[in-house]
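Peer 1: mmCIF, N, CA and C atoms, file protein_13.cif:
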data_my_file
#
loop_
_atom_site.label_atom_id
_atom_site.label_comp_id
_atom_site.auth_asym_id
_atom_site.auth_seq_id
_atom_site.Cartn_x
_atom_site.Cartn_y
_atom_site.Cartn_z
N MET A 127 0.86 -1.18 0.00
CA MET A 127 0.00 0.00 0.00
C MET A 127 0.90 1.24 0.00
N GLU A 128 0.85 1.97 -1.08
CA GLU A 128 1.68 3.17 -1.21
C GLU A 128 0.86 4.40 -0.83
N GLU A 129 1.31 5.14 0.12
CA GLU A 129 0.58 6.33 0.57
C GLU A 129 1.51 7.53 0.51
N ASN A 130 0.93 8.72 0.54
CA ASN A 130 1.70 9.95 0.62
C ASN A 130 1.96 10.26 2.09
N PHE A 131 2.94 9.60 2.66
CA PHE A 131 3.21 9.76 4.08
C PHE A 131 3.73 11.15 4.41
N GLU A 132 4.40 11.81 3.47
CA GLU A 132 4.94 13.14 3.75
C GLU A 132 3.82 14.13 4.09
N LYS A 133 2.73 14.08 3.36
CA LYS A 133 1.59 14.97 3.64
C LYS A 133 0.99 14.64 5.01
N LEU A 134 0.87 13.36 5.31
CA LEU A 134 0.32 12.94 6.60
C LEU A 134 1.23 13.40 7.74
N ILE A 135 2.52 13.31 7.54
CA ILE A 135 3.48 13.77 8.55
C ILE A 135 3.37 15.28 8.74
N GLU A 136 3.23 16.03 7.65
CA GLU A 136 3.05 17.49 7.76
C GLU A 136 1.85 17.82 8.63
N LEU A 137 0.76 17.09 8.44
CA LEU A 137 -0.45 17.33 9.23
C LEU A 137 -0.23 16.96 10.70
N ALA A 138 0.53 15.92 10.95
CA ALA A 138 0.85 15.54 12.33
C ALA A 138 1.72 16.62 12.99
N LEU A 139 2.66 17.17 12.23
CA LEU A 139 3.50 18.25 12.77
C LEU A 139 2.66 19.48 13.12
N LYS A 140 1.67 19.79 12.28
CA LYS A 140 0.78 20.93 12.58
C LYS A 140 -0.06 20.64 13.83
N ALA A 141 -0.52 19.41 13.96
CA ALA A 141 -1.31 19.04 15.14
C ALA A 141 -0.46 19.14 16.40
N ARG A 142 0.81 18.79 16.30
CA ARG A 142 1.72 18.86 17.44
C ARG A 142 1.80 20.28 18.01
N GLU A 143 1.68 21.28 17.15
CA GLU A 143 1.74 22.67 17.59
C GLU A 143 0.60 23.02 18.54
N LYS A 144 -0.49 22.27 18.49
CA LYS A 144 -1.65 22.55 19.34
C LYS A 144 -1.62 21.78 20.66
N SER A 145 -0.58 21.00 20.87
CA SER A 145 -0.45 20.19 22.08
C SER A 145 -0.63 21.03 23.34
N TYR A 146 -1.37 20.47 24.28
CA TYR A 146 -1.50 21.09 25.61
C TYR A 146 -0.71 20.19 26.56
N SER A 147 0.55 20.55 26.79
CA SER A 147 1.45 19.71 27.59
C SER A 147 2.26 20.55 28.57
N PRO A 148 1.57 21.27 29.48
CA PRO A 148 2.28 22.15 30.40
C PRO A 148 3.07 21.42 31.49
N TYR A 149 2.86 20.12 31.65
CA TYR A 149 3.53 19.38 32.73
C TYR A 149 4.74 18.61 32.22
N SER A 150 4.57 17.85 31.17
CA SER A 150 5.70 17.07 30.63
C SER A 150 6.50 17.88 29.61
N HIS A 151 5.87 18.84 28.98
CA HIS A 151 6.46 19.62 27.88
C HIS A 151 6.83 18.73 26.70
N PHE A 152 6.23 17.55 26.64
CA PHE A 152 6.44 16.61 25.53
C PHE A 152 5.23 16.72 24.61
N LYS A 153 5.46 17.30 23.45
CA LYS A 153 4.37 17.60 22.51
C LYS A 153 4.28 16.51 21.45
N VAL A 154 3.06 16.00 21.26
CA VAL A 154 2.84 14.94 20.28
C VAL A 154 1.70 15.35 19.35
N GLY A 155 1.87 15.05 18.08
CA GLY A 155 0.83 15.26 17.09
C GLY A 155 0.61 14.00 16.29
N ALA A 156 -0.61 13.79 15.85
CA ALA A 156 -0.94 12.62 15.04
C ALA A 156 -1.89 13.03 13.93
N ALA A 157 -1.78 12.34 12.80
CA ALA A 157 -2.71 12.52 11.69
C ALA A 157 -3.15 11.14 11.24
N LEU A 158 -4.45 10.90 11.30
CA LEU A 158 -5.05 9.60 11.03
C LEU A 158 -5.74 9.62 9.67
N LEU A 159 -5.35 8.71 8.80
CA LEU A 159 -5.92 8.62 7.46
C LEU A 159 -7.01 7.55 7.42
N ALA A 160 -8.23 7.98 7.13
CA ALA A 160 -9.36 7.05 7.01
C ALA A 160 -9.35 6.41 5.63
N GLU A 161 -10.05 5.30 5.50
CA GLU A 161 -10.12 4.58 4.22
C GLU A 161 -10.67 5.46 3.10
N ASP A 162 -11.56 6.40 3.44
CA ASP A 162 -12.16 7.26 2.42
C ASP A 162 -11.28 8.46 2.04
N GLY A 163 -10.08 8.54 2.63
CA GLY A 163 -9.15 9.62 2.30
C GLY A 163 -9.21 10.80 3.24
N SER A 164 -10.21 10.85 4.10
CA SER A 164 -10.28 11.96 5.07
C SER A 164 -9.21 11.78 6.14
N VAL A 165 -8.79 12.89 6.72
CA VAL A 165 -7.72 12.88 7.73
C VAL A 165 -8.21 13.56 8.98
N TYR A 166 -7.92 12.97 10.11
CA TYR A 166 -8.28 13.51 11.43
C TYR A 166 -7.00 13.68 12.22
N SER A 167 -6.80 14.89 12.72
CA SER A 167 -5.58 15.16 13.48
C SER A 167 -5.88 15.16 14.97
N GLY A 168 -4.82 15.01 15.75
CA GLY A 168 -4.97 15.06 17.19
C GLY A 168 -3.66 15.45 17.84
N CYS A 169 -3.76 16.00 19.03
CA CYS A 169 -2.58 16.33 19.82
C CYS A 169 -2.78 15.76 21.22
N ASN A 170 -1.68 15.67 21.96
CA ASN A 170 -1.83 15.21 23.34
C ASN A 170 -2.38 16.34 24.19
N ILE A 171 -3.21 15.96 25.15
CA ILE A 171 -3.88 16.92 26.03
C ILE A 171 -3.67 16.45 27.46
N GLU A 172 -2.83 17.16 28.20
CA GLU A 172 -2.49 16.75 29.56
C GLU A 172 -3.46 17.31 30.59
N ASN A 173 -3.37 16.75 31.76
CA ASN A 173 -4.19 17.15 32.89
C ASN A 173 -3.32 17.10 34.14
N ALA A 174 -3.52 18.01 35.06
CA ALA A 174 -2.69 18.08 36.27
C ALA A 174 -2.69 16.77 37.05
N SER A 175 -3.77 16.00 36.99
CA SER A 175 -3.79 14.74 37.73
C SER A 175 -3.28 13.56 36.88
N TYR A 176 -2.78 13.84 35.70
CA TYR A 176 -2.17 12.90 34.76
C TYR A 176 -3.09 11.81 34.22
N ALA A 177 -3.84 11.12 35.05
CA ALA A 177 -4.67 10.01 34.56
C ALA A 177 -5.63 10.42 33.45
N PRO A 178 -6.26 11.60 33.51
CA PRO A 178 -7.18 11.97 32.43
C PRO A 178 -6.47 12.47 31.16
N THR A 179 -5.16 12.47 31.14
CA THR A 179 -4.42 12.89 29.95
C THR A 179 -4.81 12.02 28.76
N ASN A 180 -4.89 12.62 27.58
CA ASN A 180 -5.22 11.88 26.38
C ASN A 180 -4.10 12.04 25.35
N CYS A 181 -3.70 10.93 24.78
CA CYS A 181 -2.62 10.95 23.78
C CYS A 181 -3.12 11.50 22.45
N ALA A 182 -2.20 11.95 21.63
CA ALA A 182 -2.53 12.49 20.31
C ALA A 182 -3.22 11.45 19.43
N GLU A 183 -2.74 10.23 19.49
CA GLU A 183 -3.30 9.18 18.65
C GLU A 183 -4.76 8.91 19.00
N ARG A 184 -5.05 8.81 20.29
CA ARG A 184 -6.43 8.57 20.71
C ARG A 184 -7.31 9.78 20.41
N THR A 185 -6.76 10.97 20.55
CA THR A 185 -7.53 12.16 20.19
C THR A 185 -7.97 12.08 18.73
N ALA A 186 -7.05 11.72 17.84
CA ALA A 186 -7.38 11.61 16.41
C ALA A 186 -8.42 10.51 16.18
N PHE A 187 -8.23 9.37 16.80
CA PHE A 187 -9.19 8.27 16.63
C PHE A 187 -10.57 8.65 17.15
N PHE A 188 -10.62 9.25 18.33
CA PHE A 188 -11.91 9.59 18.91
C PHE A 188 -12.64 10.65 18.08
N LYS A 189 -11.88 11.60 17.51
CA LYS A 189 -12.51 12.58 16.63
C LYS A 189 -13.11 11.88 15.41
N ALA A 190 -12.35 10.99 14.81
CA ALA A 190 -12.81 10.30 13.62
C ALA A 190 -14.02 9.42 13.91
N VAL A 191 -13.94 8.65 14.98
CA VAL A 191 -15.06 7.76 15.32
C VAL A 191 -16.30 8.57 15.66
N SER A 192 -16.12 9.70 16.34
CA SER A 192 -17.29 10.53 16.67
C SER A 192 -17.93 11.13 15.43
N GLU A 193 -17.21 11.14 14.31
CA GLU A 193 -17.75 11.63 13.04
C GLU A 193 -18.23 10.48 12.16
N GLY A 194 -18.26 9.26 12.72
CA GLY A 194 -18.80 8.13 11.99
C GLY A 194 -17.79 7.28 11.24
N LYS A 195 -16.52 7.59 11.31
CA LYS A 195 -15.50 6.80 10.60
C LYS A 195 -15.17 5.56 11.43
N ARG A 196 -14.97 4.44 10.74
CA ARG A 196 -14.66 3.19 11.41
C ARG A 196 -13.55 2.41 10.71
N GLU A 197 -13.10 2.87 9.56
CA GLU A 197 -12.07 2.15 8.80
C GLU A 197 -10.93 3.09 8.48
N PHE A 198 -9.69 2.62 8.76
CA PHE A 198 -8.52 3.48 8.67
C PHE A 198 -7.37 2.77 7.96
N LYS A 199 -6.54 3.59 7.30
CA LYS A 199 -5.38 3.09 6.57
C LYS A 199 -4.07 3.27 7.32
N ALA A 200 -3.87 4.47 7.90
CA ALA A 200 -2.56 4.79 8.46
C ALA A 200 -2.66 5.93 9.46
N ILE A 201 -1.63 6.03 10.28
CA ILE A 201 -1.51 7.17 11.19
C ILE A 201 -0.04 7.59 11.21
N ALA A 202 0.19 8.89 11.17
CA ALA A 202 1.53 9.45 11.33
C ALA A 202 1.62 10.06 12.72
N ILE A 203 2.75 9.82 13.39
CA ILE A 203 2.94 10.30 14.76
C ILE A 203 4.28 11.00 14.85
N VAL A 204 4.27 12.20 15.44
CA VAL A 204 5.50 12.95 15.70
C VAL A 204 5.47 13.41 17.16
N GLY A 205 6.64 13.45 17.76
CA GLY A 205 6.66 13.90 19.15
C GLY A 205 8.05 14.28 19.60
N GLY A 206 8.10 15.12 20.62
CA GLY A 206 9.36 15.54 21.20
C GLY A 206 9.13 16.67 22.18
N MET A 207 10.18 17.01 22.88
CA MET A 207 10.10 18.07 23.88
C MET A 207 9.79 19.41 23.22
N ALA A 208 9.06 20.24 23.93
CA ALA A 208 8.73 21.58 23.44
C ALA A 208 10.00 22.31 23.06
N GLY A 209 9.96 23.01 21.96
CA GLY A 209 11.11 23.77 21.50
C GLY A 209 12.07 22.99 20.63
N GLU A 210 11.96 21.67 20.61
CA GLU A 210 12.84 20.86 19.77
C GLU A 210 12.41 20.95 18.32
N THR A 211 13.35 21.09 17.44
CA THR A 211 13.05 21.06 16.01
C THR A 211 13.49 19.73 15.40
N SER A 212 14.43 19.07 16.05
CA SER A 212 14.88 17.76 15.61
C SER A 212 14.18 16.72 16.48
N LEU A 213 13.23 16.01 15.90
CA LEU A 213 12.42 15.07 16.66
C LEU A 213 12.91 13.64 16.45
N SER A 214 12.76 12.82 17.48
CA SER A 214 13.06 11.40 17.34
C SER A 214 11.75 10.66 17.20
N TYR A 215 11.81 9.39 16.85
CA TYR A 215 10.59 8.61 16.65
C TYR A 215 9.84 8.47 17.97
N CYS A 216 8.53 8.62 17.89
CA CYS A 216 7.66 8.57 19.06
C CYS A 216 6.61 7.49 18.81
N ALA A 217 6.84 6.32 19.38
CA ALA A 217 5.92 5.20 19.18
C ALA A 217 4.68 5.35 20.06
N PRO A 218 3.55 4.85 19.60
CA PRO A 218 2.32 4.94 20.41
C PRO A 218 2.41 4.09 21.67
N CYS A 219 1.78 4.56 22.73
CA CYS A 219 1.75 3.81 23.98
C CYS A 219 0.85 2.58 23.82
N GLY A 220 0.85 1.73 24.81
CA GLY A 220 0.04 0.52 24.77
C GLY A 220 -1.45 0.79 24.68
N VAL A 221 -1.93 1.80 25.38
CA VAL A 221 -3.36 2.12 25.33
C VAL A 221 -3.74 2.56 23.91
N CYS A 222 -2.91 3.37 23.28
CA CYS A 222 -3.20 3.81 21.91
C CYS A 222 -3.17 2.64 20.94
N ARG A 223 -2.23 1.72 21.13
CA ARG A 223 -2.18 0.54 20.27
C ARG A 223 -3.46 -0.28 20.43
N GLN A 224 -3.95 -0.36 21.66
CA GLN A 224 -5.19 -1.11 21.90
C GLN A 224 -6.38 -0.44 21.21
N VAL A 225 -6.43 0.89 21.22
CA VAL A 225 -7.50 1.60 20.51
C VAL A 225 -7.37 1.35 19.01
N MET A 226 -6.16 1.36 18.49
CA MET A 226 -5.95 1.11 17.07
C MET A 226 -6.47 -0.25 16.65
N ILE A 227 -6.19 -1.27 17.46
CA ILE A 227 -6.60 -2.63 17.07
C ILE A 227 -8.12 -2.78 17.11
N GLU A 228 -8.79 -1.92 17.85
CA GLU A 228 -10.26 -1.95 17.89
C GLU A 228 -10.85 -1.62 16.51
N PHE A 229 -10.18 -0.74 15.77
CA PHE A 229 -10.74 -0.24 14.51
C PHE A 229 -9.94 -0.60 13.27
N CYS A 230 -8.77 -1.19 13.43
CA CYS A 230 -7.87 -1.37 12.29
C CYS A 230 -7.46 -2.83 12.11
N ASP A 231 -7.27 -3.20 10.87
CA ASP A 231 -6.72 -4.51 10.54
C ASP A 231 -5.23 -4.47 10.87
N PRO A 232 -4.78 -5.24 11.85
CA PRO A 232 -3.38 -5.15 12.26
C PRO A 232 -2.38 -5.52 11.17
N GLU A 233 -2.81 -6.28 10.18
CA GLU A 233 -1.92 -6.67 9.07
C GLU A 233 -1.77 -5.54 8.05
N ARG A 234 -2.78 -4.69 7.93
CA ARG A 234 -2.79 -3.65 6.89
C ARG A 234 -2.54 -2.24 7.42
N PHE A 235 -3.00 -1.94 8.63
CA PHE A 235 -2.90 -0.58 9.16
C PHE A 235 -1.43 -0.21 9.35
N GLN A 236 -1.06 0.97 8.84
CA GLN A 236 0.34 1.41 8.88
C GLN A 236 0.53 2.52 9.90
N VAL A 237 1.57 2.38 10.70
CA VAL A 237 1.93 3.36 11.72
C VAL A 237 3.24 4.00 11.28
N VAL A 238 3.19 5.31 11.03
CA VAL A 238 4.34 6.05 10.54
C VAL A 238 4.94 6.84 11.70
N LEU A 239 6.15 6.49 12.08
CA LEU A 239 6.85 7.21 13.15
C LEU A 239 7.84 8.14 12.46
N ALA A 240 7.72 9.44 12.73
CA ALA A 240 8.49 10.41 11.97
C ALA A 240 9.27 11.38 12.84
N GLY A 241 10.45 11.71 12.37
CA GLY A 241 11.22 12.81 12.92
C GLY A 241 10.92 14.08 12.15
N ASN A 242 10.68 13.92 10.85
CA ASN A 242 10.27 15.00 9.95
C ASN A 242 9.74 14.36 8.67
N VAL A 243 9.40 15.17 7.67
CA VAL A 243 8.78 14.63 6.46
C VAL A 243 9.71 13.75 5.63
N LYS A 244 10.99 13.84 5.84
CA LYS A 244 11.95 13.02 5.08
C LYS A 244 12.55 11.90 5.92
N ASP A 245 12.32 11.92 7.22
CA ASP A 245 12.91 10.94 8.13
C ASP A 245 11.78 10.22 8.87
N TYR A 246 11.42 9.03 8.36
CA TYR A 246 10.34 8.29 9.00
C TYR A 246 10.50 6.79 8.76
N GLN A 247 9.83 6.02 9.60
CA GLN A 247 9.78 4.57 9.47
C GLN A 247 8.32 4.14 9.51
N VAL A 248 8.00 3.09 8.77
CA VAL A 248 6.63 2.61 8.68
C VAL A 248 6.56 1.19 9.23
N TYR A 249 5.59 0.96 10.10
CA TYR A 249 5.35 -0.35 10.69
C TYR A 249 3.89 -0.71 10.49
N THR A 250 3.59 -2.00 10.48
CA THR A 250 2.20 -2.41 10.57
C THR A 250 1.84 -2.42 12.05
N LEU A 251 0.55 -2.32 12.34
CA LEU A 251 0.10 -2.40 13.72
C LEU A 251 0.49 -3.75 14.33
N LYS A 252 0.44 -4.79 13.54
CA LYS A 252 0.82 -6.12 14.04
C LYS A 252 2.28 -6.14 14.49
N GLU A 253 3.15 -5.42 13.81
CA GLU A 253 4.55 -5.35 14.23
C GLU A 253 4.68 -4.67 15.59
N LEU A 254 3.84 -3.68 15.86
CA LEU A 254 3.90 -2.95 17.12
C LEU A 254 3.08 -3.61 18.23
N LEU A 255 2.15 -4.46 17.86
CA LEU A 255 1.29 -5.15 18.83
C LEU A 255 1.09 -6.59 18.34
N PRO A 256 2.15 -7.42 18.44
CA PRO A 256 2.13 -8.73 17.79
C PRO A 256 1.06 -9.70 18.29
N MET A 257 0.67 -9.63 19.53
CA MET A 257 -0.34 -10.54 20.04
C MET A 257 -1.50 -9.76 20.64
N GLY A 258 -1.95 -8.76 19.91
CA GLY A 258 -2.99 -7.88 20.41
C GLY A 258 -4.33 -8.57 20.60
N PHE A 259 -5.11 -8.04 21.53
CA PHE A 259 -6.46 -8.53 21.80
C PHE A 259 -7.44 -7.54 21.19
N GLY A 260 -8.22 -8.01 20.24
CA GLY A 260 -9.17 -7.12 19.58
C GLY A 260 -10.51 -7.78 19.36
N PRO A 261 -11.36 -7.16 18.58
CA PRO A 261 -12.71 -7.67 18.35
C PRO A 261 -12.75 -9.11 17.85
N ASP A 262 -11.76 -9.52 17.06
CA ASP A 262 -11.75 -10.88 16.53
C ASP A 262 -11.53 -11.92 17.63
N ASN A 263 -11.06 -11.50 18.79
CA ASN A 263 -10.87 -12.43 19.90
C ASN A 263 -12.17 -12.75 20.64
N LEU A 264 -13.20 -11.98 20.38
CA LEU A 264 -14.47 -12.17 21.06
C LEU A 264 -15.41 -12.99 20.18
N ASN A 265 -16.38 -13.63 20.80
CA ASN A 265 -17.35 -14.38 19.99
C ASN A 265 -18.27 -13.42 19.26
N GLU A 266 -19.07 -13.91 18.37
CA GLU A 266 -19.92 -13.08 17.52
C GLU A 266 -20.89 -12.21 18.31
N THR A 267 -21.28 -12.62 19.52
CA THR A 267 -22.22 -11.80 20.29
C THR A 267 -21.56 -10.54 20.81
N GLY A 268 -20.23 -10.52 20.86
CA GLY A 268 -19.53 -9.34 21.35
C GLY A 268 -19.24 -8.32 20.27
N LYS A 269 -19.56 -8.67 19.02
CA LYS A 269 -19.30 -7.76 17.90
C LYS A 269 -20.54 -6.95 17.57
N GLU A 270 -20.30 -5.78 17.04
CA GLU A 270 -21.41 -4.90 16.63
C GLU A 270 -21.93 -5.30 15.29
#
Please express the file's structure as C-alpha cells.

Peer 2:
Amino acid sequence: MEENFEKLIELALKAREKSYSPYSHFKVGAALLAEDGSVYSGCNIENASYAPTNCAERTAFFKAVSEGKREFKAIAIVGGMAGETSLSYCAPCGVCRQVMIEFCDPERFQVVLAGNVKDYQVYTLKELLPMGFGPDNLNETGKE
C-alpha cells in the first residue's frame, strides 16, 4: 500500500503545535488517514492529575469515530520536547495501540513514526502489537 506519508506527517507536525502539555512539555501530534481519504488530526492533552491525559493518537481516533469513521489506513505520529526542532521517533503507547486494534486490521494498518517529512519509518500495527487482543478475539455476540 503506497501512501503519501509526507503529507500525513506534515499534518501531524501541525497538530503537534496545538499540544497542551504544560507538565511534561512533551508535545505529540498525530494525523489519522481514514479509508475514504479523510484525515483527522490530534494532539496530546495533559491534565494536572495525569490520569485523564489523552494521547494524540487517541484524540485523532476519537474525533474520527465521533464523526462516523470506522475504517482506517494509516496514522503518522510525531513527538518531542517543546522547542525541539529535531524530533526522534515517538511510538504509540500501549493504550493507543489497543484503541488502534479496535478499529484497524493489524496486518494492513500502517503506523508512521516520523522525525520530519523526510525521516520516518513505517510499521504495521501487528509489528507494534504482535499478540494484540481485539474484536476478533471475542465471539460473535460481542461484535457490533

Peer 1: What lies within 12 Å of Ala186 in chain A using only C-alpha atoms, ignoring chain neighbours under 5 positions off, as a PyMOL selection string?

Peer 2: chain A and resi 137-138+141-142+154-160+164-171+180-181+191-193+195+198+200-203+222+225-226

Peer 1: Would you mind reading off the distance between atom C of Asp262 in chain A and atom N of Glu233 in chain A, one decimal, in Å?

Peer 2: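 Taking atom C of Asp262 in chain A as the start and atom N of Glu233 in chain A as the end point, the length is 12.8 Å.
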
Peer 1: Which is closest to Gly260 in chain A among A:Ala177, A:Val204, A:Cys216, A:Ile227, if we use all atoms listed in the file?

Peer 2: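 With all atoms listed in the file as the atom set, the closest residue is A:Ile227.
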
Peer 1: Using only C-alpha atoms, which of the listed residues (A:Glu197, A:Met207, A:Leu254, A:Leu213) sits closest to Cys230 in chain A?

Peer 2: A:Glu197

Peer 1: Please report, as a count of residues only, each residue of range 204-234 of chain A to which DSSP assigns helix (DSSP H, G or I) when run on this structure's backbone.

Peer 2: 10

Peer 1: From the set A:Gln224, A:Tyr215, A:Arg196, A:Glu183, which residue has the shortest atom-to-atom contact distance to Gln247 in chain A, counting all atoms listed in the file?

Peer 2: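 Among the listed residues, the smallest separation from Gln247 in chain A belongs to A:Tyr215.
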
Peer 1: From a DSSP calculation on the backbone, collect every residue of chain A in strand (DSSP E or B) and output the set as a ChimeraX atom specification.

Peer 2: /A:146,152-160,165-169,171,180,198-207,214,236-242,245-250

Peer 1: Got time to write the residues from that selection, N, CA and C atoms, as a compact mmCIF listing (two decimals), in the frame of the given file?

Peer 2:
# COMPACT_ATOMS: atom_id res chain seq x y z
N TYR A 146 -1.37 20.47 24.28
CA TYR A 146 -1.50 21.09 25.61
C TYR A 146 -0.71 20.19 26.56
N PHE A 152 6.23 17.55 26.64
CA PHE A 152 6.44 16.61 25.53
C PHE A 152 5.23 16.72 24.61
N LYS A 153 5.46 17.30 23.45
CA LYS A 153 4.37 17.60 22.51
C LYS A 153 4.28 16.51 21.45
N VAL A 154 3.06 16.00 21.26
CA VAL A 154 2.84 14.94 20.28
C VAL A 154 1.70 15.35 19.35
N GLY A 155 1.87 15.05 18.08
CA GLY A 155 0.83 15.26 17.09
C GLY A 155 0.61 14.00 16.29
N ALA A 156 -0.61 13.79 15.85
CA ALA A 156 -0.94 12.62 15.04
C ALA A 156 -1.89 13.03 13.93
N ALA A 157 -1.78 12.34 12.80
CA ALA A 157 -2.71 12.52 11.69
C ALA A 157 -3.15 11.14 11.24
N LEU A 158 -4.45 10.90 11.30
CA LEU A 158 -5.05 9.60 11.03
C LEU A 158 -5.74 9.62 9.67
N LEU A 159 -5.35 8.71 8.80
CA LEU A 159 -5.92 8.62 7.46
C LEU A 159 -7.01 7.55 7.42
N ALA A 160 -8.23 7.98 7.13
CA ALA A 160 -9.36 7.05 7.01
C ALA A 160 -9.35 6.41 5.63
N VAL A 165 -8.79 12.89 6.72
CA VAL A 165 -7.72 12.88 7.73
C VAL A 165 -8.21 13.56 8.98
N TYR A 166 -7.92 12.97 10.11
CA TYR A 166 -8.28 13.51 11.43
C TYR A 166 -7.00 13.68 12.22
N SER A 167 -6.80 14.89 12.72
CA SER A 167 -5.58 15.16 13.48
C SER A 167 -5.88 15.16 14.97
N GLY A 168 -4.82 15.01 15.75
CA GLY A 168 -4.97 15.06 17.19
C GLY A 168 -3.66 15.45 17.84
N CYS A 169 -3.76 16.00 19.03
CA CYS A 169 -2.58 16.33 19.82
C CYS A 169 -2.78 15.76 21.22
N ILE A 171 -3.21 15.96 25.15
CA ILE A 171 -3.88 16.92 26.03
C ILE A 171 -3.67 16.45 27.46
N ASN A 180 -4.89 12.62 27.58
CA ASN A 180 -5.22 11.88 26.38
C ASN A 180 -4.10 12.04 25.35
N PHE A 198 -9.69 2.62 8.76
CA PHE A 198 -8.52 3.48 8.67
C PHE A 198 -7.37 2.77 7.96
N LYS A 199 -6.54 3.59 7.30
CA LYS A 199 -5.38 3.09 6.57
C LYS A 199 -4.07 3.27 7.32
N ALA A 200 -3.87 4.47 7.90
CA ALA A 200 -2.56 4.79 8.46
C ALA A 200 -2.66 5.93 9.46
N ILE A 201 -1.63 6.03 10.28
CA ILE A 201 -1.51 7.17 11.19
C ILE A 201 -0.04 7.59 11.21
N ALA A 202 0.19 8.89 11.17
CA ALA A 202 1.53 9.45 11.33
C ALA A 202 1.62 10.06 12.72
N ILE A 203 2.75 9.82 13.39
CA ILE A 203 2.94 10.30 14.76
C ILE A 203 4.28 11.00 14.85
N VAL A 204 4.27 12.20 15.44
CA VAL A 204 5.50 12.95 15.70
C VAL A 204 5.47 13.41 17.16
N GLY A 205 6.64 13.45 17.76
CA GLY A 205 6.66 13.90 19.15
C GLY A 205 8.05 14.28 19.60
N GLY A 206 8.10 15.12 20.62
CA GLY A 206 9.36 15.54 21.20
C GLY A 206 9.13 16.67 22.18
N MET A 207 10.18 17.01 22.88
CA MET A 207 10.10 18.07 23.88
C MET A 207 9.79 19.41 23.22
N SER A 214 12.76 12.82 17.48
CA SER A 214 13.06 11.40 17.34
C SER A 214 11.75 10.66 17.20
N GLN A 236 -1.06 0.97 8.84
CA GLN A 236 0.34 1.41 8.88
C GLN A 236 0.53 2.52 9.90
N VAL A 237 1.57 2.38 10.70
CA VAL A 237 1.93 3.36 11.72
C VAL A 237 3.24 4.00 11.28
N VAL A 238 3.19 5.31 11.03
CA VAL A 238 4.34 6.05 10.54
C VAL A 238 4.94 6.84 11.70
N LEU A 239 6.15 6.49 12.08
CA LEU A 239 6.85 7.21 13.15
C LEU A 239 7.84 8.14 12.46
N ALA A 240 7.72 9.44 12.73
CA ALA A 240 8.49 10.41 11.97
C ALA A 240 9.27 11.38 12.84
N GLY A 241 10.45 11.71 12.37
CA GLY A 241 11.22 12.81 12.92
C GLY A 241 10.92 14.08 12.15
N ASN A 242 10.68 13.92 10.85
CA ASN A 242 10.27 15.00 9.95
C ASN A 242 9.74 14.36 8.67
N ASP A 245 12.32 11.92 7.22
CA ASP A 245 12.91 10.94 8.13
C ASP A 245 11.78 10.22 8.87
N TYR A 246 11.42 9.03 8.36
CA TYR A 246 10.34 8.29 9.00
C TYR A 246 10.50 6.79 8.76
N GLN A 247 9.83 6.02 9.60
CA GLN A 247 9.78 4.57 9.47
C GLN A 247 8.32 4.14 9.51
N VAL A 248 8.00 3.09 8.77
CA VAL A 248 6.63 2.61 8.68
C VAL A 248 6.56 1.19 9.23
N TYR A 249 5.59 0.96 10.10
CA TYR A 249 5.35 -0.35 10.69
C TYR A 249 3.89 -0.71 10.49
N THR A 250 3.59 -2.00 10.48
CA THR A 250 2.20 -2.41 10.57
C THR A 250 1.84 -2.42 12.05
